[in-house]
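The structure file protein_30.cif is reproduced below (mmCIF, C-alpha atoms).
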data_input
#
loop_
_atom_site.group_PDB
_atom_site.id
_atom_site.type_symbol
_atom_site.label_atom_id
_atom_site.label_comp_id
_atom_site.auth_asym_id
_atom_site.auth_seq_id
_atom_site.Cartn_x
_atom_site.Cartn_y
_atom_site.Cartn_z
ATOM 1 C CA MET T 12 86.371 111.082 54.038
ATOM 2 C CA LYS T 13 85.805 109.540 50.618
ATOM 3 C CA LYS T 14 87.146 111.429 47.633
ATOM 4 C CA THR T 15 84.600 111.947 44.874
ATOM 5 C CA THR T 16 85.917 111.738 41.345
ATOM 6 C CA ASN T 17 84.331 112.514 38.027
ATOM 7 C CA PRO T 18 83.995 109.573 35.668
ATOM 8 C CA ALA T 19 86.509 109.406 32.834
ATOM 9 C CA ALA T 20 83.723 109.069 30.246
ATOM 10 C CA ILE T 21 80.012 108.736 29.715
ATOM 11 C CA ILE T 22 79.246 105.571 27.768
ATOM 12 C CA TYR T 23 75.827 104.983 26.224
ATOM 13 C CA LEU T 24 74.824 101.562 24.949
ATOM 14 C CA ILE T 25 71.868 100.934 22.650
ATOM 15 C CA ASP T 26 71.411 97.180 22.324
ATOM 16 C CA GLU T 27 67.860 96.043 21.729
ATOM 17 C CA LEU T 28 68.636 92.323 21.709
ATOM 18 C CA LYS T 29 71.107 92.543 24.637
ATOM 19 C CA HIS T 30 73.941 90.911 22.678
ATOM 20 C CA HIS T 31 76.732 92.776 24.439
ATOM 21 C CA GLN T 32 74.933 94.321 27.396
ATOM 22 C CA ALA T 33 76.277 91.994 30.100
ATOM 23 C CA GLU T 34 79.907 92.101 28.913
ATOM 24 C CA LEU T 35 79.957 95.866 28.455
ATOM 25 C CA MET T 36 78.172 96.437 31.769
ATOM 26 C CA GLN T 37 80.829 94.333 33.488
ATOM 27 C CA GLN T 38 83.664 96.113 31.697
ATOM 28 C CA TYR T 39 82.380 99.685 32.144
ATOM 29 C CA GLY T 40 80.231 99.271 35.243
ATOM 30 C CA ASN T 41 82.740 100.913 37.621
ATOM 31 C CA PRO T 42 81.037 104.240 38.530
ATOM 32 C CA GLU T 43 84.348 105.801 39.606
ATOM 33 C CA LYS T 44 85.743 105.399 36.090
ATOM 34 C CA TYR T 45 82.721 105.435 33.786
ATOM 35 C CA ARG T 46 79.135 106.535 33.739
ATOM 36 C CA PHE T 47 77.449 103.697 31.855
ATOM 37 C CA LEU T 48 73.864 104.076 30.603
ATOM 38 C CA TYR T 49 72.007 101.280 28.833
ATOM 39 C CA PHE T 50 69.025 101.748 26.490
ATOM 40 C CA THR T 51 66.908 99.221 24.619
ATOM 41 C CA SER T 52 65.921 101.560 21.785
ATOM 42 C CA GLU T 53 67.053 104.664 19.962
ATOM 43 C CA HIS T 54 63.887 106.441 21.066
ATOM 44 C CA HIS T 55 64.696 106.000 24.774
ATOM 45 C CA PHE T 56 68.270 107.121 24.172
ATOM 46 C CA LEU T 57 67.266 110.287 22.297
ATOM 47 C CA GLU T 58 64.657 111.055 24.948
ATOM 48 C CA GLU T 59 67.327 110.804 27.682
ATOM 49 C CA ILE T 60 69.735 113.018 25.720
ATOM 50 C CA ARG T 61 67.012 115.634 25.239
ATOM 51 C CA LYS T 62 66.151 115.611 28.954
ATOM 52 C CA ASN T 63 69.687 115.423 30.350
ATOM 53 C CA THR T 64 72.164 116.930 27.949
ATOM 54 C CA PRO T 65 75.588 115.501 28.808
ATOM 55 C CA PRO T 66 78.387 117.921 29.710
ATOM 56 C CA SER T 67 80.757 118.688 26.883
ATOM 57 C CA ASN T 68 83.876 118.696 29.064
ATOM 58 C CA GLU T 69 84.111 114.901 29.282
ATOM 59 C CA PRO T 70 84.174 112.275 26.530
ATOM 60 C CA ARG T 71 80.795 110.878 25.495
ATOM 61 C CA ILE T 72 80.687 107.614 23.593
ATOM 62 C CA LEU T 73 77.713 105.828 22.055
ATOM 63 C CA ILE T 74 77.944 102.096 21.358
ATOM 64 C CA PHE T 75 75.085 101.238 19.006
ATOM 65 C CA VAL T 76 74.447 97.561 18.222
ATOM 66 C CA VAL T 77 72.355 97.514 15.035
ATOM 67 C CA ASN T 78 71.886 93.814 14.388
ATOM 68 C CA ARG T 79 68.128 94.212 14.558
ATOM 69 C CA HIS T 80 68.291 96.217 11.322
ATOM 70 C CA LEU T 81 69.111 93.117 9.284
ATOM 71 C CA ASN T 82 65.487 92.752 8.191
ATOM 72 C CA THR T 83 64.964 96.349 7.101
ATOM 73 C CA ASP T 84 65.347 97.580 3.558
ATOM 74 C CA SER T 85 67.804 100.338 4.377
ATOM 75 C CA PRO T 86 69.728 99.956 7.654
ATOM 76 C CA VAL T 87 72.236 102.647 6.661
ATOM 77 C CA LYS T 88 69.466 105.242 6.307
ATOM 78 C CA GLU T 89 68.063 104.396 9.736
ATOM 79 C CA VAL T 90 71.458 104.631 11.438
ATOM 80 C CA THR T 91 72.286 107.810 9.508
ATOM 81 C CA ARG T 92 68.978 109.314 10.626
ATOM 82 C CA LEU T 93 69.848 108.511 14.257
ATOM 83 C CA LEU T 94 73.304 110.082 13.863
ATOM 84 C CA GLN T 95 71.784 113.241 12.372
ATOM 85 C CA GLN T 96 69.251 113.498 15.216
ATOM 86 C CA LEU T 97 72.048 112.968 17.711
ATOM 87 C CA ASN T 98 74.155 115.747 16.162
ATOM 88 C CA ASN T 99 71.159 118.093 16.200
ATOM 89 C CA ILE T 100 70.472 117.414 19.884
ATOM 90 C CA SER T 101 73.975 117.150 21.305
ATOM 91 C CA GLY T 102 77.110 117.319 19.212
ATOM 92 C CA GLY T 103 80.337 115.742 20.377
ATOM 93 C CA ILE T 104 79.056 112.241 21.121
ATOM 94 C CA GLU T 105 81.301 109.717 19.379
ATOM 95 C CA PRO T 106 79.228 106.805 17.979
ATOM 96 C CA ILE T 107 80.660 103.326 17.578
ATOM 97 C CA ILE T 108 78.423 101.160 15.385
ATOM 98 C CA VAL T 109 78.478 97.368 15.886
ATOM 99 C CA THR T 110 76.878 95.343 13.088
ATOM 100 C CA THR T 111 77.095 92.107 11.137
ATOM 101 C CA GLN T 112 76.627 93.978 7.842
ATOM 102 C CA LYS T 113 80.023 95.602 7.475
ATOM 103 C CA THR T 114 80.955 96.518 3.937
ATOM 104 C CA ALA T 115 83.292 99.194 2.612
ATOM 105 C CA GLU T 116 80.344 101.175 1.230
ATOM 106 C CA THR T 117 78.400 100.970 4.520
ATOM 107 C CA GLU T 118 81.461 102.012 6.498
ATOM 108 C CA ARG T 119 82.114 104.981 4.197
ATOM 109 C CA LYS T 120 78.510 106.210 4.425
ATOM 110 C CA LEU T 121 78.365 105.886 8.215
ATOM 111 C CA LYS T 122 81.709 107.612 8.724
ATOM 112 C CA GLU T 123 80.488 110.473 6.526
ATOM 113 C CA ALA T 124 77.411 110.678 8.759
ATOM 114 C CA GLY T 125 79.616 111.047 11.849
ATOM 115 C CA ALA T 126 80.318 107.555 13.146
ATOM 116 C CA LEU T 127 83.675 107.052 14.838
ATOM 117 C CA ALA T 128 83.962 103.442 13.688
ATOM 118 C CA LEU T 129 82.004 100.552 12.246
ATOM 119 C CA ILE T 130 82.825 97.269 13.972
ATOM 120 C CA MET T 131 82.007 93.800 12.717
ATOM 121 C CA ASP T 132 80.017 91.895 15.349
ATOM 122 C CA ASN T 133 82.255 88.883 15.940
ATOM 123 C CA GLU T 134 84.447 87.493 18.717
ATOM 124 C CA ASN T 135 86.821 90.492 18.482
ATOM 125 C CA ALA T 136 84.097 93.125 18.769
ATOM 126 C CA LEU T 137 84.469 93.684 22.521
ATOM 127 C CA LEU T 138 88.233 94.119 22.218
ATOM 128 C CA ARG T 139 87.836 96.636 19.392
ATOM 129 C CA ILE T 140 85.139 98.514 21.347
ATOM 130 C CA ASP T 141 87.459 98.688 24.364
ATOM 131 C CA ASN T 142 90.323 99.994 22.214
ATOM 132 C CA LEU T 143 88.112 102.673 20.676
ATOM 133 C CA VAL T 144 86.695 103.744 24.052
ATOM 134 C CA LYS T 145 90.144 104.038 25.607
ATOM 135 C CA GLY T 146 91.475 105.796 22.512
ATOM 136 C CA THR T 147 88.634 108.326 22.662
ATOM 137 C CA ILE T 148 89.262 108.954 26.363
ATOM 138 C CA SER T 149 93.003 109.408 25.672
ATOM 139 C CA LYS T 150 92.298 111.782 22.796
ATOM 140 C CA HIS T 151 90.021 113.861 25.003
ATOM 141 C CA THR T 152 92.582 113.901 27.840
ATOM 142 C CA ILE T 153 95.320 115.039 25.450
ATOM 143 C CA TRP T 154 93.003 117.753 24.115
ATOM 144 C CA LYS T 155 92.343 119.025 27.676
ATOM 145 C CA LYS T 156 96.068 119.026 28.515
ATOM 146 C CA ARG T 157 96.904 120.822 25.282
ATOM 147 C CA LYS T 158 94.294 123.453 26.084
ATOM 148 C CA ALA T 159 95.719 123.893 29.604
ATOM 149 C CA SER T 160 99.274 124.141 28.268
ATOM 150 C CA LYS T 161 98.247 126.825 25.764
ATOM 151 C CA LEU T 162 96.697 128.810 28.602
ATOM 152 C CA ALA T 163 99.854 128.433 30.721
ATOM 153 C CA PHE T 164 102.010 129.545 27.784
ATOM 154 C CA ARG T 165 99.841 132.643 27.268
ATOM 155 C CA VAL T 166 100.115 133.511 30.961
ATOM 156 C CA LEU T 167 103.895 133.115 30.758
ATOM 157 C CA ILE T 168 104.111 135.398 27.707
ATOM 158 C CA ILE T 169 101.942 138.013 29.448
ATOM 159 C CA TYR T 170 104.169 137.763 32.546
ATOM 160 C CA PHE T 171 107.322 138.345 30.480
ATOM 161 C CA PHE T 172 105.697 141.229 28.615
ATOM 162 C CA LEU T 173 104.563 142.914 31.850
ATOM 163 C CA SER T 174 107.988 142.346 33.442
ATOM 164 C CA LEU T 175 109.669 143.943 30.452
ATOM 165 C CA LEU T 176 107.187 146.806 30.566
ATOM 166 C CA PHE T 177 107.815 147.430 34.279
ATOM 167 C CA LEU T 178 111.574 147.180 33.773
ATOM 168 C CA THR T 179 111.432 149.720 30.951
ATOM 169 C CA ALA T 180 109.268 152.070 33.034
ATOM 170 C CA ALA T 181 111.627 151.681 36.011
ATOM 171 C CA TYR T 182 114.634 152.450 33.780
ATOM 172 C CA PHE T 183 113.143 155.795 32.773
ATOM 173 C CA LEU T 184 111.627 156.653 36.187
ATOM 174 C CA PHE T 185 114.617 155.594 38.305
ATOM 175 C CA PRO T 186 117.768 155.907 36.134
ATOM 176 C CA ASP T 187 119.965 156.056 39.245
ATOM 177 C CA TYR T 188 119.464 152.374 39.925
ATOM 178 C CA PHE T 189 120.560 151.181 36.478
#
Written as structure tokens, that's how I'd like the structure from this file.
Amino acid sequence: MKKTTNPAAIIYLIDELKHHQAELMQQYGNPEKYRFLYFTSEHHFLEEIRKNTPPSNEPRILIFVVNRHLNTDSPVKEVTRLLQQLNNISGGIEPIIVTTQKTAETERKLKEAGALALIMDNENALLRIDNLVKGTISKHTIWKKRKASKLAFRVLIIYFFLSLLFLTAAYFLFPDYF
């Protein structure tokens, strides 16, 4: 009997020109570890998120390659608009923006809008994406373990309190045994 496991993360890729699609599909294509979804436009991605809202109990990461925005007047406004729509539809998705237009001002504006990171599209981009994805998964795993440990600690405190309460009641009800 084959054991079914939940994927460690849901990874969305929006890459209109398919710059990184093959490499990322190869890296995150294992369905036992990741649920990888590829989109060619923001519209298709937002439509999918509206139809199938991802569960909030597992990490959700968006890798958005925005090189096609080089010819527009305001690429930051377009990406910021997408991030705002994404937050309105489903909060908790961590966007990683890959672009060739990385400046300190652009990075500041996009991080204020909710982007996890802004990555320069060069030969190190795939390594940085992998580090951010694994870091996000680790952060989410630590958060889940911390939540479970807080619950276990509360149960332990309640157990000690009830034990003390029963011991006190037994002391007054059965003084012969103490």
I need the residue set behind the PyMOL selection byres ((chain T and resi 15-24) around 10) for this file; please write it as number ranges by chain. T: 12-14, 25-27, 29, 31-32, 35-36, 39-53, 56, 65-66, 68-76, 104-107, 144-145, 147-149, 151-152
Between atom CA of Leu93 of chain T and atom CA of Arg61 of chain T, what is the distance in Å, rounded to a tenth?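 Value for the atom CA of Leu93 of chain T-atom CA of Arg61 of chain T distance: 13.4 Å.
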Atom pair atom CA of Ile168 of chain T / atom CA of Asp187 of chain T: separation (Å):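 Those two atoms sit 28.5 Å apart.
Shortest atom-to-atom contact with Thr91 of chain T among T:Glu134, T:Glu34, T:Asp141, T:Glu118: T:Glu118, counting all atoms listed in the file.
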Check which residues satisfy the PyMOL selection byres ((chain T and resi 96) around 12) in the file shown, then give them as a PDB file with C-alpha atoms, keeping the file's coordinate frame.
ATOM      1  CA  GLU T  53      67.053 104.664  19.962  1.00  0.00           C
ATOM      2  CA  HIS T  54      63.887 106.441  21.066  1.00  0.00           C
ATOM      3  CA  PHE T  56      68.270 107.121  24.172  1.00  0.00           C
ATOM      4  CA  LEU T  57      67.266 110.287  22.297  1.00  0.00           C
ATOM      5  CA  GLU T  58      64.657 111.055  24.948  1.00  0.00           C
ATOM      6  CA  ILE T  60      69.735 113.018  25.720  1.00  0.00           C
ATOM      7  CA  ARG T  61      67.012 115.634  25.239  1.00  0.00           C
ATOM      8  CA  GLU T  89      68.063 104.396   9.736  1.00  0.00           C
ATOM      9  CA  VAL T  90      71.458 104.631  11.438  1.00  0.00           C
ATOM     10  CA  THR T  91      72.286 107.810   9.508  1.00  0.00           C
ATOM     11  CA  ARG T  92      68.978 109.314  10.626  1.00  0.00           C
ATOM     12  CA  LEU T  93      69.848 108.511  14.257  1.00  0.00           C
ATOM     13  CA  LEU T  94      73.304 110.082  13.863  1.00  0.00           C
ATOM     14  CA  GLN T  95      71.784 113.241  12.372  1.00  0.00           C
ATOM     15  CA  LEU T  97      72.048 112.968  17.711  1.00  0.00           C
ATOM     16  CA  ASN T  98      74.155 115.747  16.162  1.00  0.00           C
ATOM     17  CA  ASN T  99      71.159 118.093  16.200  1.00  0.00           C
ATOM     18  CA  ILE T 100      70.472 117.414  19.884  1.00  0.00           C
ATOM     19  CA  SER T 101      73.975 117.150  21.305  1.00  0.00           C
ATOM     20  CA  GLY T 102      77.110 117.319  19.212  1.00  0.00           C
ATOM     21  CA  ILE T 104      79.056 112.241  21.121  1.00  0.00           C
ATOM     22  CA  ALA T 124      77.411 110.678   8.759  1.00  0.00           C
ATOM     23  CA  GLY T 125      79.616 111.047  11.849  1.00  0.00           C
TER      24      GLY T 125
END
What's the separation between atom CA of Thr114 of chain T and atom CA of Leu127 of chain T, in Å to one decimal place?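 Interatomic distance, atom CA of Thr114 of chain T to atom CA of Leu127 of chain T: 15.4 Å.
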